[in-house]
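Here's work16.txt, which has compact mmCIF, C-alpha atoms:
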```txt
# COMPACT_ATOMS: atom_id res chain seq x y z
CA LYS A 1 -0.26 47.34 -38.92
CA GLN A 2 -0.91 49.59 -41.89
CA GLU A 3 -3.74 52.07 -41.40
CA VAL A 4 -5.13 54.21 -44.19
CA THR A 5 -7.07 57.37 -43.36
CA GLN A 6 -9.06 59.59 -45.69
CA ILE A 7 -10.14 63.06 -44.67
CA PRO A 8 -12.67 64.49 -45.07
CA ALA A 9 -15.20 61.68 -44.93
CA ALA A 10 -17.59 63.74 -47.05
CA LEU A 11 -17.24 66.78 -49.27
CA SER A 12 -19.72 68.87 -51.25
CA VAL A 13 -18.54 71.34 -53.89
CA PRO A 14 -20.25 73.33 -56.65
CA GLU A 15 -19.71 72.30 -60.22
CA GLY A 16 -16.56 73.65 -61.82
CA GLU A 17 -14.44 73.80 -58.68
CA ASN A 18 -11.05 72.16 -58.42
CA LEU A 19 -10.73 69.93 -55.37
CA VAL A 20 -8.26 67.79 -53.48
CA LEU A 21 -8.93 64.55 -51.66
CA ASN A 22 -6.45 63.37 -49.06
CA CYS A 23 -5.13 59.95 -48.12
CA SER A 24 -2.61 59.19 -45.40
CA PHE A 25 -1.02 55.91 -44.39
CA THR A 26 0.97 54.95 -41.32
CA ASP A 27 3.63 52.65 -42.79
CA SER A 28 5.62 54.33 -45.55
CA ALA A 29 7.08 51.02 -46.79
CA ILE A 30 4.47 50.69 -49.51
CA TYR A 31 4.90 49.19 -52.97
CA ASN A 32 2.19 51.23 -54.66
CA LEU A 33 -0.93 53.25 -54.00
CA GLN A 34 -4.18 53.17 -55.92
CA TRP A 35 -7.17 55.45 -56.11
CA PHE A 36 -10.58 53.93 -56.76
CA ARG A 37 -14.03 55.32 -57.41
CA GLN A 38 -17.16 53.67 -56.01
CA ASP A 39 -20.64 54.66 -57.11
CA PRO A 40 -23.55 54.01 -54.71
CA GLY A 41 -24.39 50.32 -54.52
CA LYS A 42 -21.65 49.44 -56.99
CA GLY A 43 -18.19 47.95 -56.99
CA LEU A 44 -14.93 49.84 -57.31
CA THR A 45 -13.32 51.19 -60.46
CA SER A 46 -9.58 51.72 -60.53
CA LEU A 47 -8.65 55.31 -61.40
CA LEU A 48 -4.91 55.66 -60.94
CA LEU A 49 -2.02 53.58 -59.66
CA ILE A 50 1.20 55.21 -58.43
CA GLN A 51 4.28 53.14 -57.83
CA SER A 52 6.36 53.93 -54.76
CA SER A 53 9.13 55.32 -56.96
CA GLN A 54 6.77 57.76 -58.67
CA ARG A 55 5.62 61.17 -57.52
CA GLU A 56 2.43 61.49 -59.53
CA GLN A 57 0.12 60.03 -62.14
CA THR A 58 -2.36 61.79 -64.37
CA SER A 59 -5.46 60.64 -66.19
CA GLY A 60 -7.64 63.27 -67.80
CA ARG A 61 -8.89 65.67 -65.12
CA LEU A 62 -7.43 63.51 -62.35
CA ASN A 63 -3.97 63.88 -60.89
CA ALA A 64 -2.71 61.75 -58.04
CA SER A 65 0.44 62.58 -56.10
CA LEU A 66 2.44 60.51 -53.68
CA ASP A 67 4.77 61.61 -50.90
CA LYS A 68 5.87 58.27 -49.57
CA SER A 69 8.18 59.61 -46.87
CA SER A 70 5.40 61.59 -45.23
CA GLY A 71 2.80 58.88 -45.82
CA ARG A 72 0.48 61.00 -47.92
CA SER A 73 -1.27 60.99 -51.25
CA THR A 74 -3.66 63.45 -52.82
CA LEU A 75 -6.17 63.10 -55.62
CA TYR A 76 -6.73 66.34 -57.48
CA ILE A 77 -9.88 66.67 -59.55
CA ALA A 78 -9.96 69.60 -61.93
CA ALA A 79 -13.14 71.35 -63.07
CA SER A 80 -15.44 69.05 -61.13
CA GLN A 81 -18.67 67.82 -62.71
CA PRO A 82 -21.86 66.31 -61.21
CA GLY A 83 -20.80 63.00 -62.76
CA ASP A 84 -17.78 63.01 -60.46
CA SER A 85 -20.10 62.48 -57.49
CA ALA A 86 -19.06 59.18 -55.90
CA THR A 87 -16.97 57.80 -53.07
CA TYR A 88 -13.24 57.87 -53.68
CA LEU A 89 -11.06 55.30 -51.92
CA CYS A 90 -7.32 54.98 -51.74
CA ALA A 91 -5.54 51.71 -51.11
CA VAL A 92 -1.90 50.95 -50.40
CA ARG A 93 -0.09 47.74 -51.22
CA VAL A 94 2.63 46.46 -48.94
CA ILE A 95 4.77 43.39 -49.31
CA THR A 96 4.50 40.87 -46.49
CA GLY A 97 6.97 38.06 -46.91
CA THR A 98 6.21 36.33 -50.19
CA ALA A 99 2.76 37.87 -50.47
CA SER A 100 1.36 41.35 -50.72
CA LYS A 101 -1.55 43.00 -49.02
CA LEU A 102 -3.86 45.76 -50.17
CA THR A 103 -5.23 47.99 -47.38
CA PHE A 104 -8.14 50.30 -48.16
CA GLY A 105 -9.15 53.60 -46.61
CA THR A 106 -12.74 54.34 -45.65
CA GLY A 107 -13.21 56.76 -48.53
CA THR A 108 -14.30 60.33 -49.14
CA ARG A 109 -17.87 60.76 -50.33
CA LEU A 110 -17.89 63.55 -52.90
CA GLN A 111 -20.97 65.41 -54.08
CA VAL A 112 -20.67 67.90 -56.91
CA THR A 113 -23.71 70.16 -57.05
CA LEU A 114 -25.14 72.11 -59.97
CA GLU B 1 -16.55 48.07 -68.42
CA ALA B 2 -15.32 45.04 -66.53
CA ASP B 3 -16.93 41.68 -67.27
CA ILE B 4 -17.42 40.49 -63.73
CA TYR B 5 -20.88 39.69 -62.46
CA GLN B 6 -22.35 39.11 -59.04
CA THR B 7 -25.75 37.66 -58.25
CA PRO B 8 -27.98 38.36 -56.54
CA ARG B 9 -27.62 42.14 -56.21
CA TYR B 10 -29.76 42.15 -53.09
CA LEU B 11 -30.68 39.33 -50.73
CA VAL B 12 -32.84 39.40 -47.63
CA ILE B 13 -32.89 36.11 -45.78
CA GLY B 14 -33.76 34.65 -42.40
CA THR B 15 -31.30 33.47 -39.77
CA GLY B 16 -30.03 29.94 -40.21
CA LYS B 17 -30.47 29.72 -43.97
CA LYS B 18 -27.69 28.52 -46.24
CA ILE B 19 -26.81 30.99 -48.97
CA THR B 20 -24.43 31.13 -51.90
CA LEU B 21 -23.30 34.38 -53.45
CA GLU B 22 -22.29 33.97 -57.07
CA CYS B 23 -19.38 35.65 -58.83
CA SER B 24 -18.38 35.07 -62.43
CA GLN B 25 -15.88 36.74 -64.72
CA THR B 26 -15.37 36.31 -68.44
CA MET B 27 -11.90 37.83 -68.65
CA GLY B 28 -9.98 34.63 -67.97
CA HIS B 29 -8.40 36.13 -64.86
CA ASP B 30 -6.54 33.78 -62.56
CA LYS B 31 -6.78 35.72 -59.33
CA MET B 32 -10.13 36.37 -57.67
CA TYR B 33 -11.12 37.98 -54.39
CA TRP B 34 -14.03 38.40 -52.00
CA TYR B 35 -14.21 41.56 -49.93
CA GLN B 36 -16.69 42.56 -47.23
CA GLN B 37 -17.67 46.21 -46.85
CA ASP B 38 -19.89 47.79 -44.21
CA PRO B 39 -21.32 51.30 -44.80
CA GLY B 40 -18.67 53.98 -44.42
CA MET B 41 -16.01 51.40 -43.63
CA GLU B 42 -13.01 50.09 -45.48
CA LEU B 43 -13.01 46.91 -47.55
CA HIS B 44 -11.83 43.79 -45.77
CA LEU B 45 -10.43 40.83 -47.68
CA ILE B 46 -12.15 37.59 -46.63
CA HIS B 47 -11.07 35.09 -49.33
CA TYR B 48 -8.92 34.93 -52.43
CA SER B 49 -7.81 32.46 -55.05
CA TYR B 50 -4.76 32.24 -57.31
CA GLY B 51 -6.52 29.95 -59.76
CA VAL B 52 -8.43 26.70 -60.10
CA ASN B 53 -8.38 24.60 -56.91
CA SER B 54 -6.66 27.41 -55.00
CA THR B 55 -8.44 29.14 -52.10
CA GLU B 56 -6.96 31.19 -49.28
CA LYS B 57 -8.38 32.99 -46.26
CA GLY B 58 -8.01 36.74 -46.16
CA ASP B 59 -7.38 39.18 -43.36
CA LEU B 60 -10.85 39.24 -41.88
CA SER B 61 -12.05 36.14 -40.13
CA SER B 62 -15.15 34.92 -41.88
CA GLU B 63 -17.53 32.02 -41.40
CA SER B 64 -17.98 31.79 -45.14
CA THR B 65 -16.30 29.32 -47.48
CA VAL B 66 -15.35 29.56 -51.15
CA SER B 67 -14.55 27.20 -53.98
CA ARG B 68 -12.75 27.57 -57.31
CA ILE B 69 -13.58 24.65 -59.55
CA ARG B 70 -13.57 26.73 -62.73
CA THR B 71 -11.46 29.76 -63.61
CA GLU B 72 -14.47 31.95 -64.25
CA HIS B 73 -16.48 31.07 -61.15
CA PHE B 74 -15.78 31.89 -57.49
CA PRO B 75 -18.87 31.37 -55.31
CA LEU B 76 -19.03 32.26 -51.62
CA THR B 77 -21.19 30.19 -49.27
CA LEU B 78 -22.56 30.82 -45.80
CA GLU B 79 -23.80 27.56 -44.27
CA SER B 80 -25.95 29.26 -41.64
CA ALA B 81 -26.60 32.96 -42.06
CA ARG B 82 -26.71 35.23 -39.00
CA PRO B 83 -27.58 38.92 -38.58
CA SER B 84 -23.86 39.65 -38.06
CA HIS B 85 -23.33 38.58 -41.69
CA THR B 86 -25.36 41.56 -42.91
CA SER B 87 -23.00 43.50 -45.15
CA GLN B 88 -22.06 44.22 -48.74
CA TYR B 89 -19.96 41.53 -50.41
CA LEU B 90 -17.75 42.55 -53.32
CA CYS B 91 -16.08 40.16 -55.72
CA ALA B 92 -13.02 41.16 -57.74
CA SER B 93 -10.64 39.60 -60.23
CA SER B 94 -7.28 40.49 -61.71
CA GLU B 95 -4.97 39.36 -64.46
CA TYR B 96 -2.16 38.79 -62.04
CA LYS B 97 0.95 40.57 -63.29
CA GLY B 98 2.84 40.96 -60.08
CA LEU B 99 2.33 43.70 -57.56
CA ASN B 100 0.87 46.25 -59.99
CA GLU B 101 -2.16 44.12 -60.65
CA LYS B 102 -5.33 45.96 -61.60
CA LEU B 103 -8.48 44.79 -59.87
CA PHE B 104 -11.86 44.67 -61.54
CA PHE B 105 -14.84 44.67 -59.19
CA GLY B 106 -18.36 43.37 -59.54
CA SER B 107 -21.35 45.47 -58.48
CA GLY B 108 -21.64 43.68 -55.17
CA THR B 109 -24.29 41.74 -53.26
CA GLN B 110 -26.05 43.54 -50.44
CA LEU B 111 -26.95 40.87 -47.89
CA SER B 112 -29.42 41.42 -45.07
CA VAL B 113 -29.96 38.65 -42.55
CA LEU B 114 -33.04 39.06 -40.37
```
Could you write out this file's structure as structure tokens?
Amino acid sequence: KQEVTQIPAALSVPEGENLVLNCSFTDSAIYNLQWFRQDPGKGLTSLLLIQSSQREQTSGRLNASLDKSSGRSTLYIAASQPGDSATYLCAVRVITGTASKLTFGTGTRLQVTL
Amino acid sequence: EADIYQTPRYLVIGTGKKITLECSQTMGHDKMYWYQQDPGMELHLIHYSYGVNSTEKGDLSSESTVSRIRTEHFPLTLESARPSHTSQYLCASSEYKGLNEKLFFGSGTQLSVL
């Protein structure tokens, strides 16, 4: 059974700092990995999707890397801003027979302070 | 911003009541999902649909039911609410394009059963 772990559960950094969020998964036979952002009381917004054949994806100040063999992904946020405060979740997709399954981590709650 | 809407945003209700959580999307997406999320926990898939007249159970056993009579509408019903149903319910949709589908989430319904 695929398990997705995100450490730390919570993180507080001052504005302007670069930071890294971690995601690890137990079964390396994934098809892709996604990073989502969730604001309090809201749904999820997709940030980046990395296919299993890729090493990284970039969008603005966000860079996600994937090391499939070691079961790890990182989300790098450059020059953090208070507006980046949210919970960040990673999710891996595996193929099960003719279907696929998306397994989510529990998230890292990020607070960027002034 | 995604055009997927959930109502109500918050619902407090007594044990034994029948409730329906509404989810509508205006993007013409075929695939729709219902997830359940407890605070600090991962999302669990409870129902999904490939299109009109298609409904499937997800990974997490749920006493809820769903219907998909119209493409844009995917309501979730609890016939008799119990305190164990207290949770946040998130609806999502995607324009299914294989395994790299991008999910769009609603803002969620926070359900409290007294």
Neighbours of Asp38 in chain B within 7 Å (only C-alpha atoms; same-chain residues fewer than 2 positions away dropped), as a PyMOL selection string? chain B and resi 36+40-41+87-88
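Distance check against chain B using all atoms listed in the file: of A:Asp84, A:Glu3, A:Asp27, A:Glu56, the minimum falls on A:Glu3.
Separating CA of Phe74 in chain B from CA of Glu22 in chain B is a distance of 6.8 Å.
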Gln6 in chain B environment, 12 Å, only C-alpha atoms, sequence neighbours closer than 4 positions dropped, as a tab-separated table (two decimals) with C-alpha atoms, in the frame of the given file:
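Output file out-v5.tsv follows:
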```
chain	number	residue	atom	x	y	z
A	42	LYS	CA	-21.65	49.44	-56.99
A	43	GLY	CA	-18.19	47.95	-56.99
B	2	ALA	CA	-15.32	45.04	-66.53
B	10	TYR	CA	-29.76	42.15	-53.09
B	11	LEU	CA	-30.68	39.33	-50.73
B	20	THR	CA	-24.43	31.13	-51.90
B	21	LEU	CA	-23.30	34.38	-53.45
B	22	GLU	CA	-22.29	33.97	-57.07
B	23	CYS	CA	-19.38	35.65	-58.83
B	24	SER	CA	-18.38	35.07	-62.43
B	25	GLN	CA	-15.88	36.74	-64.72
B	34	TRP	CA	-14.03	38.40	-52.00
B	72	GLU	CA	-14.47	31.95	-64.25
B	73	HIS	CA	-16.48	31.07	-61.15
B	74	PHE	CA	-15.78	31.89	-57.49
B	75	PRO	CA	-18.87	31.37	-55.31
B	76	LEU	CA	-19.03	32.26	-51.62
B	88	GLN	CA	-22.06	44.22	-48.74
B	89	TYR	CA	-19.96	41.53	-50.41
B	90	LEU	CA	-17.75	42.55	-53.32
B	91	CYS	CA	-16.08	40.16	-55.72
B	92	ALA	CA	-13.02	41.16	-57.74
B	93	SER	CA	-10.64	39.60	-60.23
B	105	PHE	CA	-14.84	44.67	-59.19
B	106	GLY	CA	-18.36	43.37	-59.54
B	107	SER	CA	-21.35	45.47	-58.48
B	108	GLY	CA	-21.64	43.68	-55.17
B	109	THR	CA	-24.29	41.74	-53.26
B	110	GLN	CA	-26.05	43.54	-50.44
```
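Residues lying within 6 Å of Thr77 in chain B, counting all atoms listed in the file and ignoring same-chain neighbours fewer than 2 positions away, are Ile19, Thr20, Ser64 and Thr65 of chain B.
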Near range 103-114 of chain A, within 10 Å and counting all atoms listed in the file, which residues show up once chain neighbours fewer than 6 positions away are dropped, as a PyMOL selection string? (chain A and resi 1-17+19+21-25+33-40+80-94) or (chain B and resi 37-45+59)
Could those selected residues go to a file with C-alpha atoms, as a PDB file, keeping the file's coordinate frame?
```
ATOM      1  CA  LYS A   1      -0.260  47.340 -38.920  1.00  0.00           C
ATOM      2  CA  GLN A   2      -0.910  49.590 -41.890  1.00  0.00           C
ATOM      3  CA  GLU A   3      -3.740  52.070 -41.400  1.00  0.00           C
ATOM      4  CA  VAL A   4      -5.130  54.210 -44.190  1.00  0.00           C
ATOM      5  CA  THR A   5      -7.070  57.370 -43.360  1.00  0.00           C
ATOM      6  CA  GLN A   6      -9.060  59.590 -45.690  1.00  0.00           C
ATOM      7  CA  ILE A   7     -10.140  63.060 -44.670  1.00  0.00           C
ATOM      8  CA  PRO A   8     -12.670  64.490 -45.070  1.00  0.00           C
ATOM      9  CA  ALA A   9     -15.200  61.680 -44.930  1.00  0.00           C
ATOM     10  CA  ALA A  10     -17.590  63.740 -47.050  1.00  0.00           C
ATOM     11  CA  LEU A  11     -17.240  66.780 -49.270  1.00  0.00           C
ATOM     12  CA  SER A  12     -19.720  68.870 -51.250  1.00  0.00           C
ATOM     13  CA  VAL A  13     -18.540  71.340 -53.890  1.00  0.00           C
ATOM     14  CA  PRO A  14     -20.250  73.330 -56.650  1.00  0.00           C
ATOM     15  CA  GLU A  15     -19.710  72.300 -60.220  1.00  0.00           C
ATOM     16  CA  GLY A  16     -16.560  73.650 -61.820  1.00  0.00           C
ATOM     17  CA  GLU A  17     -14.440  73.800 -58.680  1.00  0.00           C
ATOM     18  CA  LEU A  19     -10.730  69.930 -55.370  1.00  0.00           C
ATOM     19  CA  LEU A  21      -8.930  64.550 -51.660  1.00  0.00           C
ATOM     20  CA  ASN A  22      -6.450  63.370 -49.060  1.00  0.00           C
ATOM     21  CA  CYS A  23      -5.130  59.950 -48.120  1.00  0.00           C
ATOM     22  CA  SER A  24      -2.610  59.190 -45.400  1.00  0.00           C
ATOM     23  CA  PHE A  25      -1.020  55.910 -44.390  1.00  0.00           C
ATOM     24  CA  LEU A  33      -0.930  53.250 -54.000  1.00  0.00           C
ATOM     25  CA  GLN A  34      -4.180  53.170 -55.920  1.00  0.00           C
ATOM     26  CA  TRP A  35      -7.170  55.450 -56.110  1.00  0.00           C
ATOM     27  CA  PHE A  36     -10.580  53.930 -56.760  1.00  0.00           C
ATOM     28  CA  ARG A  37     -14.030  55.320 -57.410  1.00  0.00           C
ATOM     29  CA  GLN A  38     -17.160  53.670 -56.010  1.00  0.00           C
ATOM     30  CA  ASP A  39     -20.640  54.660 -57.110  1.00  0.00           C
ATOM     31  CA  PRO A  40     -23.550  54.010 -54.710  1.00  0.00           C
ATOM     32  CA  SER A  80     -15.440  69.050 -61.130  1.00  0.00           C
ATOM     33  CA  GLN A  81     -18.670  67.820 -62.710  1.00  0.00           C
ATOM     34  CA  PRO A  82     -21.860  66.310 -61.210  1.00  0.00           C
ATOM     35  CA  GLY A  83     -20.800  63.000 -62.760  1.00  0.00           C
ATOM     36  CA  ASP A  84     -17.780  63.010 -60.460  1.00  0.00           C
ATOM     37  CA  SER A  85     -20.100  62.480 -57.490  1.00  0.00           C
ATOM     38  CA  ALA A  86     -19.060  59.180 -55.900  1.00  0.00           C
ATOM     39  CA  THR A  87     -16.970  57.800 -53.070  1.00  0.00           C
ATOM     40  CA  TYR A  88     -13.240  57.870 -53.680  1.00  0.00           C
ATOM     41  CA  LEU A  89     -11.060  55.300 -51.920  1.00  0.00           C
ATOM     42  CA  CYS A  90      -7.320  54.980 -51.740  1.00  0.00           C
ATOM     43  CA  ALA A  91      -5.540  51.710 -51.110  1.00  0.00           C
ATOM     44  CA  VAL A  92      -1.900  50.950 -50.400  1.00  0.00           C
ATOM     45  CA  ARG A  93      -0.090  47.740 -51.220  1.00  0.00           C
ATOM     46  CA  VAL A  94       2.630  46.460 -48.940  1.00  0.00           C
TER      47      VAL A  94
ATOM     48  CA  GLN B  37     -17.670  46.210 -46.850  1.00  0.00           C
ATOM     49  CA  ASP B  38     -19.890  47.790 -44.210  1.00  0.00           C
ATOM     50  CA  PRO B  39     -21.320  51.300 -44.800  1.00  0.00           C
ATOM     51  CA  GLY B  40     -18.670  53.980 -44.420  1.00  0.00           C
ATOM     52  CA  MET B  41     -16.010  51.400 -43.630  1.00  0.00           C
ATOM     53  CA  GLU B  42     -13.010  50.090 -45.480  1.00  0.00           C
ATOM     54  CA  LEU B  43     -13.010  46.910 -47.550  1.00  0.00           C
ATOM     55  CA  HIS B  44     -11.830  43.790 -45.770  1.00  0.00           C
ATOM     56  CA  LEU B  45     -10.430  40.830 -47.680  1.00  0.00           C
ATOM     57  CA  ASP B  59      -7.380  39.180 -43.360  1.00  0.00           C
TER      58      ASP B  59
END
```
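Closest to chain B among A:Leu47, A:Ala78, A:Leu62, A:Val20 is A:Leu47, based on all atoms listed in the file.
Pairwise distance (CA of Lys17 in chain B, CA of Ser80 in chain B) equals 5.1 Å.
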If I wrap all listed atoms of range 92-108 of chain A in a box with edges along x, y and z and add 5 Å on each side, what are its centre and edge lengths in Å to one decimal, as JSON?
```
{"center_x": -3.7, "center_y": 48.3, "center_z": -48.4, "size_x": 31.3, "size_y": 34.0, "size_z": 15.6}
```
